[in-house]
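Asker: First the structure, then my questions, so here it is.
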2 protein chains.
Amino acid sequence: MDSYDLKIITFLKRDARMKWSTLAQHIGLSAPAVAERVARLQEQGIIRQLTTVLDPSSFDYRLAAFVAVSLERPEHRAPFLKRIQELEYVLECHHVAGDDDYLLKIRCRDTEQLDEIITYHIKELAGILRTKTTIIMRTEKESLHFPLPEVD
Amino acid sequence: MDSYDLKIITFLKRDARMKWSTLAQHIGLSAPAVAERVARLQEQGIIRQLTTVLDPSSFDYRLAAFVAVSLERPEHRAPFLKRIQELEYVLECHHVAGDDDYLLKIRCRDTEQLDEIITYHIKELAGILRTKTTIIMRTEKESLHFPLPEVD
DNA sequence: CCTGAAAAATACCCCCA
DNA sequence: TGGGGGTATTTTTCAGG
């Protein structure tokens with residue numbers, strides 16, 4: 001990955017549909033070269049996906065929450081993680097250090113739906129010691145993009 | 001927003017660069033109609049952005065952490081939020097209910113850099129009562145995409 | 001990685017329901 | 001108002017160097 005790749009990525013972060021030809025002009029390569037590099041970056045997994053970020057409130061997702069989960073014993077892990085992958089409302093699941101084992105980020109319609117998800121889809125599993133729910137009242141910043149090395 | 005829009009969004013989530021013509025074929029509209037709808041969805045803010053998701057480890061981001069922050073008094077909020085917007089390593093900032101005031105998600109190189117960010121860029125501010133750092137050891141799931149209503 | 005030609009997709013027009 | 005169709009133009013793709 002060289003500085004051309006970095007420049008390409010920088011532009012594609014802002015607009016994933018930018019035309020190869022205009023992108024090529026900006027960075028000083030030909031369009032085929034740019035297309036080839038992007039294909040390679042995708043194959044290498046450096047670019048995970050070119051995707052669409054939607055506005056949650058437009059789809060009636062008005063609630064977000066973090067839910068900390070503690071498991072009783074290690075053997076409860078596998079079924080828990082399987083369930084987490086199935087639950088579409090659970091957007092993130094991180095194994096964390098500290099008092100609790102996992103920290104989930106959940107997005108759903110309202111508190112009633114959150115209650116349903118936690119009570120009937122998570123706590124219902126064997127080996128859930130406890131859950132600790134933290135409601136998000138306002139999201140002040142939500143970025144996908146960590147800083148990239150500067151080029152030029 | 002009708003079922004055509006939902007179908008369009010569903011495809012664009014998977015591939016933001018999908019050609020209007022192929023997308024149009026899939027959902028049963030003409031290419032110009034699809035292009036027009038996507039432009040409208042962007043104007044309305046339903047589509048926030050067409051962007052690129054990168055692999056953090058490819059860019060030497062090996063550490064992620066949640067940092068809970070408590071502020072002394074409400075007047076410390078504005079400068080805190082301003083600083084948060086400036087700090088590129090802070091990807092998310094949520095105002096939460098409960099013991100702490102804000103929950104940040106930070107992505108950086110290693111623990112030393114995390115220490116530097118917390119100590120010299122966050123704790124350094126006036127009115128920071130305390131911070132509580134939770135290291136993410138493994139991310140089991142990390143999705144941008146909440147479930148959309150089914151169509152057809 | 002570039003050039004150049006073939007193929008494809010897009011944008012813009014007007015027409016229609 | 002919102003979608004279809006046709007055509008000029010742009011863009012992408014693919015070959016060869």
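Chains: A, B, ... in order of the structure tokens. Residues: from 1 per chain. Ligands: from 1, in order shown.
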Residues within 12 Å of C:DA17, please, as a list in words. Count only C-alpha atoms (C1' of nucleotides); anything in the same chain fewer than 5 positions from it doesn't count.
Answerer: DT1, DG2, DG3 and DG4 of chain D
Asker: For chain A against chain B, which residues fall within 7 Å using only C-alpha atoms, given as number ranges by chain?
Answerer: A: 12-17, 45-55, 58, 88-89, 91-98, 107, 134-147
Asker: Mind dumping a table of every chain C residue within 9 Å of chain B, with the nearest atom pair and its distance in Å to one decimal, using only C-alpha atoms (C1' of nucleotides), sorted by chain and rising number, as JSON lines?
Answerer:
{"residue": "C:DA9", "atom": "C1'", "partner": "B:Ser21", "partner_atom": "CA", "distance": 7.3}
{"residue": "C:DT10", "atom": "C1'", "partner": "B:Pro32", "partner_atom": "CA", "distance": 8.5}
{"residue": "C:DA11", "atom": "C1'", "partner": "B:Pro32", "partner_atom": "CA", "distance": 8.3}
Asker: Taking only C-alpha atoms (C1' of nucleotides) into account, produce a table as JSON lines in which each residue of chain B with an atom at most 9 Å from an atom of chain D appears once, together with its shortest atom pair and the distance in Å to one decimal, ordered by chain and rising number.
Answerer:
{"residue": "B:Leu29", "atom": "CA", "partner": "D:DG3", "partner_atom": "C1'", "distance": 8.0}
{"residue": "B:Ser30", "atom": "CA", "partner": "D:DG4", "partner_atom": "C1'", "distance": 7.1}
{"residue": "B:Pro32", "atom": "CA", "partner": "D:DG3", "partner_atom": "C1'", "distance": 8.7}
{"residue": "B:Ala33", "atom": "CA", "partner": "D:DG3", "partner_atom": "C1'", "distance": 6.5}
Asker: Just to be explicit: take each residue in the selection above, keep N, CA and C atoms, and write the result as a PDB file, in the first residue's frame.
Answerer:
ATOM      1  N   LEU B  29     -37.248  -1.140 -12.210  1.00  0.00           N
ATOM      2  CA  LEU B  29     -37.440   0.255 -12.602  1.00  0.00           C
ATOM      3  C   LEU B  29     -36.426   0.562 -13.699  1.00  0.00           C
ATOM      4  N   SER B  30     -36.501   1.760 -14.249  1.00  0.00           N
ATOM      5  CA  SER B  30     -35.498   2.160 -15.227  1.00  0.00           C
ATOM      6  C   SER B  30     -34.310   2.798 -14.500  1.00  0.00           C
ATOM      7  N   PRO B  32     -32.700   5.671 -15.002  1.00  0.00           N
ATOM      8  CA  PRO B  32     -32.866   7.061 -14.576  1.00  0.00           C
ATOM      9  C   PRO B  32     -33.726   7.187 -13.324  1.00  0.00           C
ATOM     10  N   ALA B  33     -34.763   6.366 -13.234  1.00  0.00           N
ATOM     11  CA  ALA B  33     -35.634   6.415 -12.060  1.00  0.00           C
ATOM     12  C   ALA B  33     -34.848   6.076 -10.793  1.00  0.00           C
TER      13      ALA B  33
END
Asker: DSSP on the backbone, then: every residue of stretch 4-117 of chain B marked alpha helix (DSSP H), written as a PyMOL selection string.
Answerer: chain B and resi 4-14+20-27+31-43+77-86+111-116
Asker: Could the residues in this selection be saved with N, CA and C atoms as a compact mmCIF listing (two decimals), in the first residue's frame?
Answerer:
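Saved file selection.txt follows:
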# COMPACT_ATOMS: atom_id res chain seq x y z
N TYR B 4 -39.84 0.55 -3.33
CA TYR B 4 -38.72 0.68 -4.28
C TYR B 4 -37.50 1.26 -3.57
N ASP B 5 -37.73 2.31 -2.80
CA ASP B 5 -36.62 2.92 -2.08
C ASP B 5 -35.97 1.92 -1.14
N LEU B 6 -36.79 1.15 -0.45
CA LEU B 6 -36.24 0.15 0.48
C LEU B 6 -35.38 -0.86 -0.25
N LYS B 7 -35.84 -1.28 -1.42
CA LYS B 7 -35.06 -2.25 -2.19
C LYS B 7 -33.74 -1.63 -2.65
N ILE B 8 -33.82 -0.41 -3.11
CA ILE B 8 -32.60 0.28 -3.55
C ILE B 8 -31.60 0.34 -2.42
N ILE B 9 -32.06 0.76 -1.25
CA ILE B 9 -31.18 0.89 -0.08
C ILE B 9 -30.57 -0.45 0.29
N THR B 10 -31.38 -1.48 0.20
CA THR B 10 -30.89 -2.82 0.54
C THR B 10 -29.71 -3.22 -0.35
N PHE B 11 -29.83 -2.92 -1.63
CA PHE B 11 -28.73 -3.24 -2.54
C PHE B 11 -27.52 -2.33 -2.31
N LEU B 12 -27.78 -1.06 -2.10
CA LEU B 12 -26.66 -0.13 -1.93
C LEU B 12 -25.89 -0.37 -0.63
N LYS B 13 -26.55 -0.95 0.36
CA LYS B 13 -25.83 -1.30 1.58
C LYS B 13 -24.75 -2.33 1.28
N ARG B 14 -25.09 -3.27 0.42
CA ARG B 14 -24.14 -4.33 0.09
C ARG B 14 -23.04 -3.82 -0.84
N TRP B 20 -26.43 1.78 -11.67
CA TRP B 20 -27.87 2.06 -11.68
C TRP B 20 -28.61 1.07 -12.58
N SER B 21 -27.98 0.72 -13.68
CA SER B 21 -28.68 -0.15 -14.65
C SER B 21 -28.93 -1.54 -14.06
N THR B 22 -27.94 -2.12 -13.40
CA THR B 22 -28.15 -3.45 -12.83
C THR B 22 -29.11 -3.39 -11.65
N LEU B 23 -28.96 -2.34 -10.85
CA LEU B 23 -29.89 -2.14 -9.74
C LEU B 23 -31.32 -2.02 -10.25
N ALA B 24 -31.46 -1.26 -11.34
CA ALA B 24 -32.79 -1.04 -11.92
C ALA B 24 -33.41 -2.37 -12.36
N GLN B 25 -32.58 -3.21 -12.98
CA GLN B 25 -33.08 -4.52 -13.42
C GLN B 25 -33.57 -5.35 -12.24
N HIS B 26 -32.81 -5.33 -11.17
CA HIS B 26 -33.17 -6.13 -10.00
C HIS B 26 -34.53 -5.74 -9.42
N ILE B 27 -34.79 -4.45 -9.38
CA ILE B 27 -36.00 -4.03 -8.67
C ILE B 27 -37.15 -3.68 -9.62
N ALA B 31 -33.17 2.80 -15.17
CA ALA B 31 -31.97 3.36 -14.56
C ALA B 31 -32.13 4.82 -14.15
N PRO B 32 -32.70 5.67 -15.00
CA PRO B 32 -32.87 7.06 -14.58
C PRO B 32 -33.73 7.19 -13.32
N ALA B 33 -34.76 6.37 -13.23
CA ALA B 33 -35.63 6.41 -12.06
C ALA B 33 -34.85 6.08 -10.79
N VAL B 34 -33.96 5.08 -10.90
CA VAL B 34 -33.16 4.69 -9.73
C VAL B 34 -32.21 5.82 -9.34
N ALA B 35 -31.54 6.38 -10.34
CA ALA B 35 -30.59 7.46 -10.06
C ALA B 35 -31.29 8.63 -9.37
N GLU B 36 -32.47 8.93 -9.85
CA GLU B 36 -33.23 10.04 -9.30
C GLU B 36 -33.63 9.76 -7.85
N ARG B 37 -34.05 8.52 -7.59
CA ARG B 37 -34.46 8.16 -6.24
C ARG B 37 -33.30 8.23 -5.27
N VAL B 38 -32.14 7.77 -5.69
CA VAL B 38 -30.99 7.80 -4.80
C VAL B 38 -30.61 9.24 -4.48
N ALA B 39 -30.66 10.09 -5.50
CA ALA B 39 -30.35 11.51 -5.27
C ALA B 39 -31.32 12.09 -4.25
N ARG B 40 -32.58 11.75 -4.38
CA ARG B 40 -33.58 12.26 -3.44
C ARG B 40 -33.34 11.73 -2.02
N LEU B 41 -33.03 10.44 -1.93
CA LEU B 41 -32.77 9.85 -0.60
C LEU B 41 -31.59 10.52 0.08
N GLN B 42 -30.61 10.95 -0.73
CA GLN B 42 -29.46 11.64 -0.16
C GLN B 42 -29.84 13.05 0.31
N GLU B 43 -30.63 13.73 -0.53
CA GLU B 43 -31.07 15.08 -0.16
C GLU B 43 -31.90 15.06 1.12
N ARG B 77 -19.50 21.18 29.68
CA ARG B 77 -19.93 20.38 28.55
C ARG B 77 -19.43 20.91 27.21
N ALA B 78 -19.69 22.17 26.96
CA ALA B 78 -19.38 22.74 25.65
C ALA B 78 -17.91 22.58 25.26
N PRO B 79 -16.98 22.99 26.14
CA PRO B 79 -15.57 22.78 25.76
C PRO B 79 -15.20 21.31 25.61
N PHE B 80 -15.81 20.46 26.42
CA PHE B 80 -15.55 19.02 26.30
C PHE B 80 -15.99 18.51 24.93
N LEU B 81 -17.21 18.87 24.53
CA LEU B 81 -17.73 18.38 23.24
C LEU B 81 -16.94 18.93 22.08
N LYS B 82 -16.47 20.16 22.23
CA LYS B 82 -15.65 20.76 21.18
C LYS B 82 -14.36 19.96 21.01
N ARG B 83 -13.73 19.62 22.11
CA ARG B 83 -12.50 18.85 22.07
C ARG B 83 -12.73 17.47 21.45
N ILE B 84 -13.85 16.87 21.81
CA ILE B 84 -14.19 15.54 21.30
C ILE B 84 -14.31 15.56 19.77
N GLN B 85 -14.92 16.61 19.26
CA GLN B 85 -15.07 16.72 17.80
C GLN B 85 -13.71 16.86 17.13
N GLU B 86 -12.78 17.48 17.83
CA GLU B 86 -11.45 17.68 17.24
C GLU B 86 -10.60 16.42 17.26
N THR B 111 -1.68 0.84 23.72
CA THR B 111 -2.05 1.38 25.03
C THR B 111 -1.32 2.69 25.34
N GLU B 112 -0.11 2.81 24.84
CA GLU B 112 0.62 4.05 25.11
C GLU B 112 -0.06 5.25 24.47
N GLN B 113 -0.50 5.04 23.24
CA GLN B 113 -1.19 6.14 22.57
C GLN B 113 -2.53 6.43 23.24
N LEU B 114 -3.21 5.39 23.70
CA LEU B 114 -4.47 5.59 24.41
C LEU B 114 -4.23 6.41 25.67
N ASP B 115 -3.19 6.07 26.38
CA ASP B 115 -2.83 6.80 27.60
C ASP B 115 -2.60 8.27 27.28
N GLU B 116 -1.89 8.50 26.20
CA GLU B 116 -1.60 9.88 25.80
C GLU B 116 -2.88 10.65 25.50
